[in-house]
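Asker: The structure's right below; bear with me while I get my questions together.
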Amino acid sequence: MKLILGGALGRMGREVALAAKDAGMEIACGVDVAYTGQPCDFPVVTDFDKVTIPGDVLVDFSRPAGLPELLNLARRTGMPVVLCTTGYTEDELAEIDKASKEIAVFRSANMSLGINLLRRLAATAAKTLGEDFDIEIIERHHRMKADAPSGTALMLYDAVEKEAGSLKEPIYGRYGRTAQRKHSEIGLHAVRGGTVTGEHEVCFLGEGEEILLTHRAENRSLFARGAVKAARFLKGKPAGMYDMQDVLDELLG
């Protein structure tokens with residue numbers, strides 16, 4: 001199986017290259033705007049429009065700005081795409097949705113299989129406990145992370161809010177709030193510091209009991225392995241929008 005790899009020279013691109021090799025896959029061509037001719041284990045170009053080597057699936061860990069060229073390549077070749085990049089605008093998300101009518105598109109806010117299982121477990125817990133338990137989401141990341149709350153925390157919020165029963169509203173921290181907590185709230189809290197790769201905790205807090213669902217990422221390689229797993233899943237799929245929940249469905253039968 002041959003991959004086209006967007007963001008090939010970045011930290012995650014290098015991790016994907018290693019994970020692909022371990023999985024018996026080949027990087028047919030890398031794409032990275034930072035490429036200036038430096039030695040690499042596979043061919044690299046600076047733009048998706050310059051890719052001439054065929055691949056089975058395109059995996060992208062680059063930047064939203066490259067989306068138009070990426071989708072042009074995918075549409076032109078009929079190649080499925082795994083979008084691991086975050087920070088897309090609403091207009092860009094609309095373009096991705098439009099492209100999924102023509103090609104297979106895989107997009108997830110977090111490529112970890114474990115965090116997506118957490119999402120499913122949290123949704124089940126919210127459906128079971130949401131009427132009687134308060135729900136809080138806490139995420140911790142390294143000091144360099146710019147966005148807060150994380151995209152994964154928002155993904156977890158969407159999952160539990162949908163299943164929790166009565167209408168819920170997100171509360172981003174509680175600075176300046178002088179009223180007691182309402183049951184209609186779901187708290188989202190961001191912690192930044194050190195070199196924490198990523199930790200997400202969904203707390204269900206009831207009368208005399210607590211259920212805490214936690215996922216800790218120890219290094220970035222797990223996201224790369226998830227991306228490679230997504231690429232293997234996507235090969236040969238018909239046009240449509242897919243995410244890691246579809247991978248879980250396949251694994252769980």
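Numbering starts fresh at 1 for the residues of each chain in the structure tokens, the chains themselves are lettered A, B, ... in the order given, and ligands are numbered from 1 as they appear.
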Using only C-alpha atoms, which protein or nucleic acid residues come within 12 Å of Leu205 (chain A)? Drop anything in the same chain fewer than 4 positions from it, and give the result as a list in words.

Answerer: Ala125, Ala126, Leu129, Gly130, Glu131, Asp132, Phe133, Asp134, Ile135, Glu136, Ile137, His183, Ile186, Gly187, Glu209, Glu210, Ile211, Leu212 and Leu213 of chain A

Asker: Could you pull out all residues of region 114-168 of chain A with a DSSP call of alpha helix (DSSP H) and give them as a count of residues only?

Answerer: 29

Asker: List the neighbours of Lys237 (chain A) out to 12 Å using only C-alpha atoms; skip same-chain residues closer than 3 positions along the sequence, and give me the result as a list in words.

Answerer: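 That gives Asp56, Val57, Gly78, Met79, Pro80, Val81, Ser100, Glu102, Ile103, Ala104, Val105, Phe106, Ala230, Ala231, Arg232, Phe233, Leu234, Gly240, Met241, Tyr242 and Asp246 of chain A.
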
Asker: Using only C-alpha atoms, which residues sit within 10 Å of region 8-15 of chain A once same-chain residues fewer than 3 positions away are excluded, as a count of residues only?

Answerer: 30

Asker: If we count only C-alpha atoms, what is near Asp158 (chain A) at a cut-off of 12 Å, once residues fewer than 2 positions away on the same chain are taken out, given as a short mmCIF file (atom, residue, chain, number, x, y, z; two decimals) with C-alpha atoms, in the first residue's frame?

Answerer:
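Resulting contents of part01.cif:
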```cif
data_model
loop_
_atom_site.label_atom_id
_atom_site.label_comp_id
_atom_site.auth_asym_id
_atom_site.auth_seq_id
_atom_site.Cartn_x
_atom_site.Cartn_y
_atom_site.Cartn_z
CA ALA A 109 -10.46 15.75 15.51
CA ARG A 119 -15.69 9.27 23.04
CA ARG A 120 -17.97 6.26 22.61
CA ALA A 122 -18.46 8.84 27.37
CA ALA A 123 -21.51 9.01 25.11
CA ALA A 126 -23.98 10.33 29.32
CA ILE A 137 -14.50 17.73 30.81
CA GLY A 151 -10.49 20.10 19.47
CA THR A 152 -10.69 16.72 21.19
CA ALA A 153 -12.35 18.23 24.26
CA LEU A 154 -14.94 19.83 21.98
CA MET A 155 -15.42 16.47 20.25
CA LEU A 156 -16.05 14.85 23.63
CA VAL A 160 -21.93 13.70 25.65
CA GLU A 161 -24.19 16.69 25.00
CA LYS A 162 -26.00 14.73 22.31
CA GLU A 163 -26.76 11.86 24.70
CA ALA A 164 -27.19 13.60 28.05
CA LEU A 167 -30.45 20.57 26.70
CA LYS A 168 -26.89 21.23 27.90
CA GLU A 169 -24.73 24.33 27.53
CA PRO A 170 -20.91 24.50 27.52
CA ILE A 186 -21.18 20.85 30.93
CA LEU A 188 -14.87 22.47 29.81
#
```

Asker: For a quick check of understanding, using only C-alpha atoms, which of A:Glu26, A:Val82, A:Ile138, A:Glu218 has the smallest distance to Ser108 (chain A)?

Answerer: A:Val82

Asker: With only C-alpha atoms as the counted atoms, please give the residues lying no more than 12 Å from Leu117 (chain A), apart from itself and same-chain residues fewer than 6 positions off, as a PyMOL selection string.

Answerer: chain A and resi 110-111+123-124+156+159+213-215+244-249+251-252

Asker: Report the residues of region 28-190 of chain A whose backbone DSSP state falls under strand (DSSP E or B), written as a PyMOL selection string.

Answerer: chain A and resi 28-31+44-45+57-60+81-83+104-107+134-141+169-172+185-190

Asker: Residues within 7 Å of Arg192 (chain A), please, as a ChimeraX atom specification. Count only C-alpha atoms; anything in the same chain fewer than 5 positions from it doesn't count.

Answerer: /A:140-143
